[in-house]
Amino acid sequence: MAKILVTGAAGFIGSHTTDLLIAGGHTVLGVDNLRTGRRSNLERALRSPSFRLTEADVSEPGVMAALVSEFRPGAVIHLAALVSVQESISDPALNQRLNVTATQFVADAAAAQGTKRIVFASSAAIYGDTTDLPIAEESAAQPISPYGEAKLASEQLLLARSEAAGFTVRCHRYFNVFGPRQDPASPYSGVISIFDRRYRDGKPVTIFGDGRQTRDFISVHDVARANVVAATVPNITTGTANICTGQATSLLDIVSVFAAYYPKVAGPRFAPARAGDIIHSLGRPDRARSELNFEAKVSVADALGELIRSG
Ligand code: UD1
């Protein structure tokens, strides 16, 4: 069993990753500044003797260095981030600090303490608005937001350091992750979290466009498993891989699942497509399969059902 440090542990993906690590018998130190993460996401983890949460900001100098030297993890799963693309546009300096500088501190601390592995939360946003689908990792990285740029810069920084520092790096390019604990607060939150909240409140959802746009929606449980595999399975080599299902799901498909659960809620309203919205996004999952032996297992329908039934 391993000691794993999870940054952003109180966040959506971080809390599920933490739960899965604990269930696997690992010891976890979580760190989170609780800016967008919530302590309540860790309700179950906080009851475990194998878990401790430190409230701190990993983008501040010295924080990672101190935590890694004290805890001496075998791996760091670095998920702490500014997660909103919109916010990266409105506050690029904050995006730089939380999405690049923090990664630099993770790499420095891991190098100094001989940490063996870093798993990094990258994003399909680094591909920009490519229409060459499904997207493989060889596709040109052409981010179109400060968020995507920062994720790409972090990947490059970690990969460039890996050999000299002696750590293995796994960069996970997540596609559209969804599931329990995803925050629906902003209009730019993940569409499924927004739809879930609206149906729970008995209110109709708004579809921007005709609803035929598709995304590669992946369950947060699969994403958490990809993180745990990358951090704990022996003999994994440095690299970058899409974390996706390879299946396209339209918004109309999503709405029909909700509608079946909520027959009394009025049907969707349609509004003009959002400016800059891409119509289709789909990843190729092959590299994660060959390099990590990881494959998404949860179907969108099953994961949606679980989300809808969750408390
Ligand atoms: C994702 C990012 C977004 C970023 C884009 C490009 C998330 C949650 N969103 O957007 O910030 O700019 O990648 O990197 O990570 N929709 C509705 N009704 C709603 C909300 C959304 O119809 O109430 C539509 C959107 O217009 C879009 C689709 O649902 O067509 C999916 O939206 P979203 O969940 O934001 O994901 P991306 O578009 O992939």
# chains A, B, ... in the order shown; residues from 1 in each chain; ligands from 1

$ closest_atom_pairs --of "segment 136-253 of chain A" --to "segment 93-102 of chain A" --cutoff "7 Å" --atoms "only C-alpha atoms" --output "tab-separated table"
residue	atom	partner	partner_atom	distance
A:Tyr147	CA	A:Asn95	CA	6.7
A:Ala150	CA	A:Asn99	CA	5.7
A:Lys151	CA	A:Asn99	CA	6.7
A:Ala153	CA	A:Val100	CA	6.8
A:Ser154	CA	A:Val100	CA	5.5

$ write_last_selection --atoms "all heavy atoms" --output "tab-separated table (two decimals), in the first residue's frame"
chain	number	residue	atom	x	y	z
A	147	TYR	N	-6.87	28.83	-19.90
A	147	TYR	CA	-6.96	27.56	-19.16
A	147	TYR	C	-6.24	26.44	-19.94
A	147	TYR	O	-5.40	25.73	-19.38
A	147	TYR	CB	-8.44	27.21	-18.96
A	147	TYR	CG	-8.68	25.85	-18.34
A	147	TYR	CD1	-8.64	25.69	-16.97
A	147	TYR	CD2	-8.97	24.74	-19.13
A	147	TYR	CE1	-8.85	24.44	-16.39
A	147	TYR	CE2	-9.19	23.49	-18.56
A	147	TYR	CZ	-9.13	23.35	-17.20
A	147	TYR	OH	-9.35	22.11	-16.64
A	150	ALA	N	-2.51	26.92	-20.00
A	150	ALA	CA	-1.88	26.62	-18.72
A	150	ALA	C	-1.75	25.11	-18.52
A	150	ALA	O	-0.74	24.61	-18.02
A	150	ALA	CB	-2.67	27.24	-17.58
A	151	LYS	N	-2.78	24.36	-18.93
A	151	LYS	CA	-2.72	22.91	-18.79
A	151	LYS	C	-1.59	22.36	-19.66
A	151	LYS	O	-0.84	21.47	-19.25
A	151	LYS	CB	-4.07	22.27	-19.15
A	151	LYS	CG	-5.15	22.53	-18.12
A	151	LYS	CD	-4.82	21.86	-16.79
A	151	LYS	CE	-5.88	22.03	-15.72
A	151	LYS	NZ	-5.50	21.46	-14.43
A	153	ALA	N	1.11	24.03	-20.69
A	153	ALA	CA	2.40	24.45	-20.11
A	153	ALA	C	2.77	23.55	-18.93
A	153	ALA	O	3.94	23.17	-18.77
A	153	ALA	CB	2.31	25.91	-19.67
A	154	SER	N	1.78	23.18	-18.13
A	154	SER	CA	2.05	22.31	-16.98
A	154	SER	C	2.50	20.92	-17.43
A	154	SER	O	3.42	20.34	-16.85
A	154	SER	CB	0.80	22.17	-16.11
A	154	SER	OG	0.64	23.30	-15.29

$ closest_atom_pairs --of "chain A" --to "ligand 1" --cutoff "7 Å" --atoms "only C-alpha atoms and all ligand atoms" --output "tab-separated table"
residue	atom	partner	partner_atom_place_in_ligand_line	distance
A:Ser84	CA	ligand 1	11 (O)	5.9
A:Val85	CA	ligand 1	11 (O)	4.4
A:Gln86	CA	ligand 1	11 (O)	6.1
A:Ala124	CA	ligand 1	14 (O)	6.9
A:Ala125	CA	ligand 1	14 (O)	4.1
A:Gly128	CA	ligand 1	14 (O)	6.3
A:Gly148	CA	ligand 1	14 (O)	6.9
A:Asn176	CA	ligand 1	39 (O)	6.1
A:Pro187	CA	ligand 1	20 (C)	6.4
A:Tyr188	CA	ligand 1	35 (O)	5.3
A:Ser189	CA	ligand 1	8 (C)	4.5
A:Gly190	CA	ligand 1	8 (C)	3.3
A:Val191	CA	ligand 1	34 (O)	3.7
A:Ile192	CA	ligand 1	34 (O)	6.5
A:Ile194	CA	ligand 1	23 (O)	5.8
A:Phe195	CA	ligand 1	23 (O)	6.6
A:Val205	CA	ligand 1	23 (O)	6.5
A:Thr206	CA	ligand 1	18 (N)	5.1
A:Ile207	CA	ligand 1	22 (O)	3.4
A:Phe208	CA	ligand 1	22 (O)	3.9
A:Gly209	CA	ligand 1	22 (O)	6.6
A:Gly211	CA	ligand 1	22 (O)	6.7
A:Gln213	CA	ligand 1	30 (O)	5.9
A:Arg215	CA	ligand 1	39 (O)	6.4
A:Leu251	CA	ligand 1	29 (O)	6.6
A:Ala273	CA	ligand 1	26 (O)	6.2
A:Arg274	CA	ligand 1	26 (O)	5.4
A:Asp277	CA	ligand 1	30 (O)	5.7
A:Ile278	CA	ligand 1	38 (O)	6.5
A:Ile279	CA	ligand 1	30 (O)	6.5

$ write_last_selection --atoms "N, CA, C and O atoms" --output "short mmCIF file (atom, residue, chain, number, x, y, z; two decimals), in the first residue's frame"
data_model
loop_
_atom_site.label_atom_id
_atom_site.label_comp_id
_atom_site.auth_asym_id
_atom_site.auth_seq_id
_atom_site.Cartn_x
_atom_site.Cartn_y
_atom_site.Cartn_z
N SER A 84 -12.35 26.79 -14.00
CA SER A 84 -13.30 27.44 -14.92
C SER A 84 -12.59 28.10 -16.09
O SER A 84 -11.74 28.99 -15.89
N VAL A 85 -12.92 27.69 -17.29
CA VAL A 85 -12.35 28.32 -18.49
C VAL A 85 -12.70 29.81 -18.51
O VAL A 85 -11.85 30.66 -18.80
N GLN A 86 -13.95 30.12 -18.15
CA GLN A 86 -14.38 31.53 -18.13
C GLN A 86 -13.51 32.35 -17.19
O GLN A 86 -13.12 33.46 -17.50
N ALA A 124 -8.81 18.04 -22.16
CA ALA A 124 -9.03 18.07 -23.61
C ALA A 124 -9.01 19.51 -24.13
O ALA A 124 -8.91 19.72 -25.35
N ALA A 125 -9.09 20.49 -23.23
CA ALA A 125 -9.03 21.89 -23.65
C ALA A 125 -7.73 22.22 -24.36
O ALA A 125 -7.66 23.19 -25.11
N GLY A 128 -8.04 22.60 -28.15
CA GLY A 128 -8.77 23.71 -28.75
C GLY A 128 -10.02 23.23 -29.45
O GLY A 128 -10.71 22.33 -28.97
N GLY A 148 -6.59 26.29 -21.22
CA GLY A 148 -5.95 25.26 -22.04
C GLY A 148 -4.45 25.47 -22.17
O GLY A 148 -3.67 24.52 -22.11
N ASN A 176 -15.13 15.27 -20.96
CA ASN A 176 -16.20 15.91 -20.15
C ASN A 176 -16.60 15.02 -18.98
O ASN A 176 -17.41 14.12 -19.12
N PRO A 187 -23.25 29.32 -14.88
CA PRO A 187 -23.83 28.92 -16.17
C PRO A 187 -22.83 28.14 -17.03
O PRO A 187 -23.22 27.45 -17.97
N TYR A 188 -21.53 28.28 -16.71
CA TYR A 188 -20.51 27.56 -17.47
C TYR A 188 -20.05 26.28 -16.77
O TYR A 188 -19.06 25.68 -17.16
N SER A 189 -20.77 25.88 -15.74
CA SER A 189 -20.49 24.58 -15.12
C SER A 189 -20.80 23.49 -16.13
O SER A 189 -21.48 23.73 -17.14
N GLY A 190 -20.35 22.27 -15.84
CA GLY A 190 -20.63 21.15 -16.74
C GLY A 190 -22.12 21.00 -16.97
O GLY A 190 -22.92 21.10 -16.03
N VAL A 191 -22.50 20.77 -18.22
CA VAL A 191 -23.91 20.77 -18.57
C VAL A 191 -24.71 19.74 -17.76
O VAL A 191 -25.85 20.01 -17.37
N ILE A 192 -24.13 18.60 -17.49
CA ILE A 192 -24.90 17.57 -16.78
C ILE A 192 -25.18 18.00 -15.34
O ILE A 192 -26.27 17.78 -14.81
N ILE A 194 -25.62 21.03 -14.37
CA ILE A 194 -26.68 22.06 -14.47
C ILE A 194 -28.03 21.38 -14.70
O ILE A 194 -29.03 21.70 -14.03
N PHE A 195 -28.06 20.42 -15.61
CA PHE A 195 -29.32 19.72 -15.89
C PHE A 195 -29.82 18.97 -14.64
O PHE A 195 -31.00 19.00 -14.33
N VAL A 205 -34.85 22.45 -18.42
CA VAL A 205 -33.48 22.82 -18.77
C VAL A 205 -33.50 23.64 -20.06
O VAL A 205 -34.48 23.61 -20.82
N THR A 206 -32.40 24.37 -20.29
CA THR A 206 -32.23 25.10 -21.54
C THR A 206 -31.13 24.42 -22.35
O THR A 206 -30.03 24.17 -21.82
N ILE A 207 -31.45 24.11 -23.59
CA ILE A 207 -30.45 23.55 -24.51
C ILE A 207 -30.01 24.66 -25.44
O ILE A 207 -30.84 25.28 -26.11
N PHE A 208 -28.72 24.93 -25.47
CA PHE A 208 -28.18 25.93 -26.40
C PHE A 208 -27.88 25.23 -27.72
O PHE A 208 -27.03 24.35 -27.77
N GLY A 209 -28.62 25.64 -28.77
CA GLY A 209 -28.47 24.94 -30.06
C GLY A 209 -29.59 23.92 -30.19
O GLY A 209 -30.60 23.98 -29.49
N GLY A 211 -29.36 20.64 -29.65
CA GLY A 211 -29.24 19.47 -28.77
C GLY A 211 -28.55 18.29 -29.43
O GLY A 211 -28.35 17.25 -28.80
N GLN A 213 -25.51 18.46 -30.51
CA GLN A 213 -24.06 18.51 -30.26
C GLN A 213 -23.69 17.32 -29.36
O GLN A 213 -24.51 16.90 -28.54
N ARG A 215 -20.63 15.20 -26.89
CA ARG A 215 -19.42 15.26 -26.08
C ARG A 215 -19.04 13.84 -25.70
O ARG A 215 -19.87 12.93 -25.68
N LEU A 251 -26.69 15.95 -26.34
CA LEU A 251 -27.48 16.54 -25.26
C LEU A 251 -28.90 15.99 -25.28
O LEU A 251 -29.52 15.80 -24.23
N ALA A 273 -27.40 28.70 -30.03
CA ALA A 273 -26.12 28.10 -29.63
C ALA A 273 -25.22 29.18 -29.04
O ALA A 273 -25.26 30.34 -29.45
N ARG A 274 -24.41 28.78 -28.08
CA ARG A 274 -23.47 29.73 -27.48
C ARG A 274 -22.36 30.08 -28.47
O ARG A 274 -21.86 29.18 -29.17
N ASP A 277 -19.14 27.84 -29.17
CA ASP A 277 -19.41 26.45 -28.77
C ASP A 277 -18.95 25.50 -29.88
O ASP A 277 -19.18 25.77 -31.06
N ILE A 278 -18.34 24.40 -29.51
CA ILE A 278 -18.00 23.41 -30.53
C ILE A 278 -19.17 22.43 -30.65
O ILE A 278 -19.91 22.22 -29.70
N ILE A 279 -19.34 21.87 -31.85
CA ILE A 279 -20.49 20.98 -32.04
C ILE A 279 -20.16 19.58 -31.53
O ILE A 279 -20.90 19.01 -30.74
#

$ closest_residue --among "A:Arg161, A:Ser193, A:Pro268, A:Ser299" --to "Asp216 of chain A" --atoms "only C-alpha atoms"
A:Ser299

$ select_by_dssp --residues "segment 29-164 of chain A" --states "helix (DSSP H, G or I)" --output "ChimeraX atom specification"
/A:39-42,45-47,63-71,85-90,92-113,124-127,146-164

$ closest_residue --among "A:Gly276, A:Thr27, A:Phe178, A:Val233" --to "Ala303 of chain A" --atoms "only C-alpha atoms"
A:Phe178

$ atom_distance --atom1 "atom CA of Leu20 of chain A" --atom2 "atom CA of Leu46 of chain A"
13.2 Å

$ residues_around --residues "Ser139 of chain A" --least-positions-apart "2" --cutoff "12 Å" --atoms "only C-alpha atoms" --output "mmCIF file with all heavy atoms, in the first residue's frame"
data_model
loop_
_atom_site.group_PDB
_atom_site.id
_atom_site.type_symbol
_atom_site.label_atom_id
_atom_site.label_comp_id
_atom_site.auth_asym_id
_atom_site.auth_seq_id
_atom_site.Cartn_x
_atom_site.Cartn_y
_atom_site.Cartn_z
ATOM 1 N N ALA A 124 -8.806 18.041 -22.165
ATOM 2 C CA ALA A 124 -9.032 18.070 -23.613
ATOM 3 C C ALA A 124 -9.010 19.506 -24.134
ATOM 4 O O ALA A 124 -8.907 19.716 -25.348
ATOM 5 C CB ALA A 124 -10.369 17.416 -23.945
ATOM 6 N N ILE A 126 -6.688 21.403 -24.164
ATOM 7 C CA ILE A 126 -5.431 21.709 -24.862
ATOM 8 C C ILE A 126 -5.555 21.484 -26.372
ATOM 9 O O ILE A 126 -4.761 21.985 -27.133
ATOM 10 C CB ILE A 126 -4.242 20.896 -24.300
ATOM 11 C CG1 ILE A 126 -4.410 19.426 -24.617
ATOM 12 C CG2 ILE A 126 -3.990 21.120 -22.841
ATOM 13 C CD1 ILE A 126 -3.105 18.876 -25.074
ATOM 14 N N TYR A 127 -6.576 20.742 -26.811
ATOM 15 C CA TYR A 127 -6.761 20.515 -28.254
ATOM 16 C C TYR A 127 -7.503 21.660 -28.932
ATOM 17 O O TYR A 127 -7.632 21.656 -30.168
ATOM 18 C CB TYR A 127 -7.539 19.211 -28.492
ATOM 19 C CG TYR A 127 -6.846 17.965 -28.015
ATOM 20 C CD1 TYR A 127 -7.411 17.163 -27.026
ATOM 21 C CD2 TYR A 127 -5.621 17.576 -28.564
ATOM 22 C CE1 TYR A 127 -6.789 15.999 -26.598
ATOM 23 C CE2 TYR A 127 -4.994 16.413 -28.133
ATOM 24 C CZ TYR A 127 -5.582 15.634 -27.149
ATOM 25 O OH TYR A 127 -4.958 14.485 -26.730
ATOM 26 N N GLY A 128 -8.040 22.596 -28.152
ATOM 27 C CA GLY A 128 -8.772 23.714 -28.752
ATOM 28 C C GLY A 128 -10.025 23.234 -29.450
ATOM 29 O O GLY A 128 -10.711 22.333 -28.974
ATOM 30 N N ASP A 129 -10.326 23.822 -30.600
ATOM 31 C CA ASP A 129 -11.588 23.469 -31.263
ATOM 32 C C ASP A 129 -11.357 22.621 -32.514
ATOM 33 O O ASP A 129 -12.024 22.806 -33.532
ATOM 34 C CB ASP A 129 -12.418 24.720 -31.570
ATOM 35 C CG ASP A 129 -11.625 25.758 -32.331
ATOM 36 O OD1 ASP A 129 -10.487 25.450 -32.764
ATOM 37 O OD2 ASP A 129 -12.126 26.880 -32.483
ATOM 38 N N THR A 130 -10.449 21.687 -32.437
ATOM 39 C CA THR A 130 -10.179 20.820 -33.588
ATOM 40 C C THR A 130 -11.443 20.065 -34.015
ATOM 41 O O THR A 130 -12.265 19.685 -33.179
ATOM 42 C CB THR A 130 -9.045 19.818 -33.281
ATOM 43 O OG1 THR A 130 -8.864 18.993 -34.422
ATOM 44 C CG2 THR A 130 -9.381 18.916 -32.098
ATOM 45 N N THR A 131 -11.579 19.872 -35.325
ATOM 46 C CA THR A 131 -12.739 19.124 -35.823
ATOM 47 C C THR A 131 -12.307 17.766 -36.370
ATOM 48 O O THR A 131 -13.085 17.054 -36.997
ATOM 49 C CB THR A 131 -13.460 19.916 -36.931
ATOM 50 O OG1 THR A 131 -12.478 20.344 -37.876
ATOM 51 C CG2 THR A 131 -14.191 21.117 -36.364
ATOM 52 N N ASP A 132 -11.043 17.435 -36.134
ATOM 53 C CA ASP A 132 -10.505 16.170 -36.615
ATOM 54 C C ASP A 132 -10.749 15.102 -35.541
ATOM 55 O O ASP A 132 -9.971 14.960 -34.605
ATOM 56 C CB ASP A 132 -9.000 16.389 -36.876
ATOM 57 C CG ASP A 132 -8.370 15.201 -37.551
ATOM 58 O OD1 ASP A 132 -9.123 14.344 -38.054
ATOM 59 O OD2 ASP A 132 -7.124 15.129 -37.574
ATOM 60 N N LEU A 133 -11.875 14.389 -35.661
ATOM 61 C CA LEU A 133 -12.312 13.481 -34.588
ATOM 62 C C LEU A 133 -12.232 12.019 -35.012
ATOM 63 O O LEU A 133 -12.388 11.727 -36.192
ATOM 64 C CB LEU A 133 -13.758 13.811 -34.207
ATOM 65 C CG LEU A 133 -14.047 15.247 -33.788
ATOM 66 C CD1 LEU A 133 -15.522 15.408 -33.462
ATOM 67 C CD2 LEU A 133 -13.202 15.663 -32.606
ATOM 68 N N PRO A 134 -12.085 11.071 -34.083
ATOM 69 C CA PRO A 134 -11.807 11.297 -32.661
ATOM 70 C C PRO A 134 -10.389 11.835 -32.452
ATOM 71 O O PRO A 134 -9.487 11.556 -33.243
ATOM 72 C CB PRO A 134 -11.971 9.904 -32.054
ATOM 73 C CG PRO A 134 -11.671 8.954 -33.163
ATOM 74 C CD PRO A 134 -12.139 9.632 -34.421
ATOM 75 N N ILE A 135 -10.230 12.574 -31.371
ATOM 76 C CA ILE A 135 -8.955 13.246 -31.115
ATOM 77 C C ILE A 135 -7.965 12.283 -30.468
ATOM 78 O O ILE A 135 -8.230 11.723 -29.410
ATOM 79 C CB ILE A 135 -9.149 14.451 -30.165
ATOM 80 C CG1 ILE A 135 -10.244 15.377 -30.690
ATOM 81 C CG2 ILE A 135 -7.844 15.202 -29.995
ATOM 82 C CD1 ILE A 135 -10.638 16.487 -29.710
ATOM 83 N N ALA A 136 -6.834 12.089 -31.146
ATOM 84 C CA ALA A 136 -5.752 11.283 -30.564
ATOM 85 C C ALA A 136 -4.717 12.232 -29.971
ATOM 86 O O ALA A 136 -4.712 13.421 -30.281
ATOM 87 C CB ALA A 136 -5.129 10.403 -31.635
ATOM 88 N N GLU A 137 -3.844 11.692 -29.146
ATOM 89 C CA GLU A 137 -2.857 12.523 -28.458
ATOM 90 C C GLU A 137 -1.877 13.170 -29.430
ATOM 91 O O GLU A 137 -1.272 14.199 -29.118
ATOM 92 C CB GLU A 137 -2.087 11.696 -27.420
ATOM 93 C CG GLU A 137 -2.924 11.226 -26.246
ATOM 94 C CD GLU A 137 -3.774 9.991 -26.554
ATOM 95 O OE1 GLU A 137 -3.780 9.512 -27.710
ATOM 96 O OE2 GLU A 137 -4.444 9.501 -25.629
ATOM 97 N N ALA A 141 -1.622 20.344 -30.389
ATOM 98 C CA ALA A 141 -2.137 21.050 -29.214
ATOM 99 C C ALA A 141 -2.308 22.506 -29.620
ATOM 100 O O ALA A 141 -1.340 23.185 -29.949
ATOM 101 C CB ALA A 141 -1.156 20.912 -28.053
ATOM 102 N N GLN A 142 -3.563 22.955 -29.632
ATOM 103 C CA GLN A 142 -3.854 24.335 -30.048
ATOM 104 C C GLN A 142 -4.880 24.934 -29.104
ATOM 105 O O GLN A 142 -6.026 25.164 -29.494
ATOM 106 C CB GLN A 142 -4.448 24.347 -31.459
ATOM 107 C CG GLN A 142 -3.456 23.950 -32.530
ATOM 108 C CD GLN A 142 -4.122 23.762 -33.886
ATOM 109 O OE1 GLN A 142 -5.206 23.186 -33.983
ATOM 110 N NE2 GLN A 142 -3.477 24.257 -34.912
ATOM 111 N N PRO A 143 -4.507 25.135 -27.855
ATOM 112 C CA PRO A 143 -5.496 25.654 -26.901
ATOM 113 C C PRO A 143 -6.028 27.017 -27.335
ATOM 114 O O PRO A 143 -5.310 27.787 -27.975
ATOM 115 C CB PRO A 143 -4.714 25.744 -25.590
ATOM 116 C CG PRO A 143 -3.280 25.667 -25.946
ATOM 117 C CD PRO A 143 -3.182 24.944 -27.240
ATOM 118 N N ALA A 241 -2.006 10.781 -21.875
ATOM 119 C CA ALA A 241 -3.078 10.026 -22.532
ATOM 120 C C ALA A 241 -4.433 10.676 -22.289
ATOM 121 O O ALA A 241 -4.678 11.255 -21.224
ATOM 122 C CB ALA A 241 -3.098 8.578 -22.016
ATOM 123 N N ASN A 242 -5.281 10.572 -23.290
ATOM 124 C CA ASN A 242 -6.677 10.983 -23.128
ATOM 125 C C ASN A 242 -7.341 10.096 -22.085
ATOM 126 O O ASN A 242 -7.102 8.877 -22.058
ATOM 127 C CB ASN A 242 -7.450 10.790 -24.432
ATOM 128 C CG ASN A 242 -7.006 11.746 -25.525
ATOM 129 O OD1 ASN A 242 -6.416 12.778 -25.245
ATOM 130 N ND2 ASN A 242 -7.309 11.388 -26.768
ATOM 131 N N GLY A 283 -12.924 11.768 -27.923
ATOM 132 C CA GLY A 283 -11.526 11.376 -27.765
ATOM 133 C C GLY A 283 -11.273 9.951 -28.223
ATOM 134 O O GLY A 283 -12.194 9.140 -28.298
ATOM 135 N N ARG A 284 -10.026 9.676 -28.523
ATOM 136 C CA ARG A 284 -9.611 8.284 -28.777
ATOM 137 C C ARG A 284 -9.046 7.733 -27.490
ATOM 138 O O ARG A 284 -8.066 8.256 -26.961
ATOM 139 C CB ARG A 284 -8.500 8.251 -29.837
ATOM 140 C CG ARG A 284 -9.009 8.073 -31.249
ATOM 141 C CD ARG A 284 -7.835 7.788 -32.144
ATOM 142 N NE ARG A 284 -7.430 6.391 -31.989
ATOM 143 C CZ ARG A 284 -7.052 5.622 -32.980
ATOM 144 N NH1 ARG A 284 -6.995 6.105 -34.206
ATOM 145 N NH2 ARG A 284 -6.709 4.378 -32.777
#

$ atom_distance --atom1 "atom CA of Ala110 of chain A" --atom2 "atom CA of Ala2 of chain A"
15.4 Å

$ select_by_dssp --residues "segment 166-291 of chain A" --states "strand (DSSP E)" --output "count of residues only"
28

$ closest_residue --among "A:Gly74, A:Gly166, A:Pro49, A:Gly14" --to "Met1 of chain A" --atoms "only C-alpha atoms"
A:Gly74

$ residues_around --residues "Leu307 of chain A" --least-positions-apart "3" --cutoff "7 Å" --atoms "only C-alpha atoms" --output "count of residues only"
5

$ residues_around --residues "segment 36-39 of chain A" --least-positions-apart "2" --cutoff "7 Å" --atoms "only C-alpha atoms" --output "PyMOL selection string"
chain A and resi 8+10-11+32+34+41-43

$ write_last_selection --atoms "N, CA and C atoms" --output "PDB file, in the first residue's frame"
ATOM      1  N   GLY A   8      -5.964  19.332  -4.267  1.00  0.00           N
ATOM      2  CA  GLY A   8      -7.350  19.507  -4.724  1.00  0.00           C
ATOM      3  C   GLY A   8      -8.247  18.378  -4.242  1.00  0.00           C
ATOM      4  N   ALA A  10     -10.430  18.134  -1.996  1.00  0.00           N
ATOM      5  CA  ALA A  10     -11.827  18.427  -1.643  1.00  0.00           C
ATOM      6  C   ALA A  10     -12.671  18.777  -2.871  1.00  0.00           C
ATOM      7  N   GLY A  11     -12.058  18.734  -4.031  1.00  0.00           N
ATOM      8  CA  GLY A  11     -12.792  19.055  -5.257  1.00  0.00           C
ATOM      9  C   GLY A  11     -13.600  17.874  -5.775  1.00  0.00           C
ATOM     10  N   ASP A  32      -6.021  21.132   0.161  1.00  0.00           N
ATOM     11  CA  ASP A  32      -6.996  21.910  -0.610  1.00  0.00           C
ATOM     12  C   ASP A  32      -7.119  23.280   0.054  1.00  0.00           C
ATOM     13  N   LEU A  34      -9.757  25.055  -0.383  1.00  0.00           N
ATOM     14  CA  LEU A  34     -11.219  25.180  -0.240  1.00  0.00           C
ATOM     15  C   LEU A  34     -11.759  26.412  -0.964  1.00  0.00           C
ATOM     16  N   ASN A  41     -17.420  17.342   0.581  1.00  0.00           N
ATOM     17  CA  ASN A  41     -17.133  16.291  -0.402  1.00  0.00           C
ATOM     18  C   ASN A  41     -16.322  15.157   0.221  1.00  0.00           C
ATOM     19  N   LEU A  42     -15.639  15.484   1.322  1.00  0.00           N
ATOM     20  CA  LEU A  42     -14.752  14.499   1.956  1.00  0.00           C
ATOM     21  C   LEU A  42     -15.363  13.907   3.223  1.00  0.00           C
ATOM     22  N   GLU A  43     -16.671  14.042   3.334  1.00  0.00           N
ATOM     23  CA  GLU A  43     -17.348  13.565   4.544  1.00  0.00           C
ATOM     24  C   GLU A  43     -16.955  12.129   4.889  1.00  0.00           C
TER      25      GLU A  43
END

$ atom_distance --atom1 "atom CA of Leu21 of chain A" --atom2 "atom CA of Ile4 of chain A"
8.2 Å

$ decode --residues "segment 278-291 of chain A" --atoms "N, CA and C atoms" --output "compact mmCIF listing (two decimals), in the first residue's frame"
# COMPACT_ATOMS: atom_id res chain seq x y z
N ILE A 278 -18.34 24.40 -29.51
CA ILE A 278 -18.00 23.41 -30.53
C ILE A 278 -19.17 22.43 -30.65
N ILE A 279 -19.34 21.87 -31.85
CA ILE A 279 -20.49 20.98 -32.04
C ILE A 279 -20.16 19.58 -31.53
N HIS A 280 -19.04 19.03 -31.96
CA HIS A 280 -18.71 17.68 -31.54
C HIS A 280 -17.32 17.62 -30.89
N SER A 281 -17.22 16.82 -29.87
CA SER A 281 -15.92 16.53 -29.25
C SER A 281 -15.91 15.05 -28.90
N LEU A 282 -14.84 14.39 -29.25
CA LEU A 282 -14.74 12.95 -29.01
C LEU A 282 -13.26 12.58 -28.92
N GLY A 283 -12.92 11.77 -27.92
CA GLY A 283 -11.53 11.38 -27.77
C GLY A 283 -11.27 9.95 -28.22
N ARG A 284 -10.03 9.68 -28.52
CA ARG A 284 -9.61 8.28 -28.78
C ARG A 284 -9.05 7.73 -27.49
N PRO A 285 -9.57 6.64 -26.99
CA PRO A 285 -9.12 6.14 -25.69
C PRO A 285 -7.96 5.14 -25.77
N ASP A 286 -7.45 4.85 -26.97
CA ASP A 286 -6.52 3.74 -27.16
C ASP A 286 -5.23 3.84 -26.34
N ARG A 287 -4.69 5.05 -26.24
CA ARG A 287 -3.39 5.15 -25.57
C ARG A 287 -3.49 4.82 -24.07
N ALA A 288 -4.55 5.27 -23.44
CA ALA A 288 -4.72 4.95 -22.02
C ALA A 288 -4.85 3.44 -21.84
N ARG A 289 -5.47 2.81 -22.83
CA ARG A 289 -5.61 1.35 -22.76
C ARG A 289 -4.25 0.68 -22.87
N SER A 290 -3.44 1.13 -23.82
CA SER A 290 -2.15 0.44 -24.00
C SER A 290 -1.13 0.82 -22.92
N GLU A 291 -1.12 2.06 -22.48
CA GLU A 291 -0.07 2.47 -21.54
C GLU A 291 -0.46 2.27 -20.07
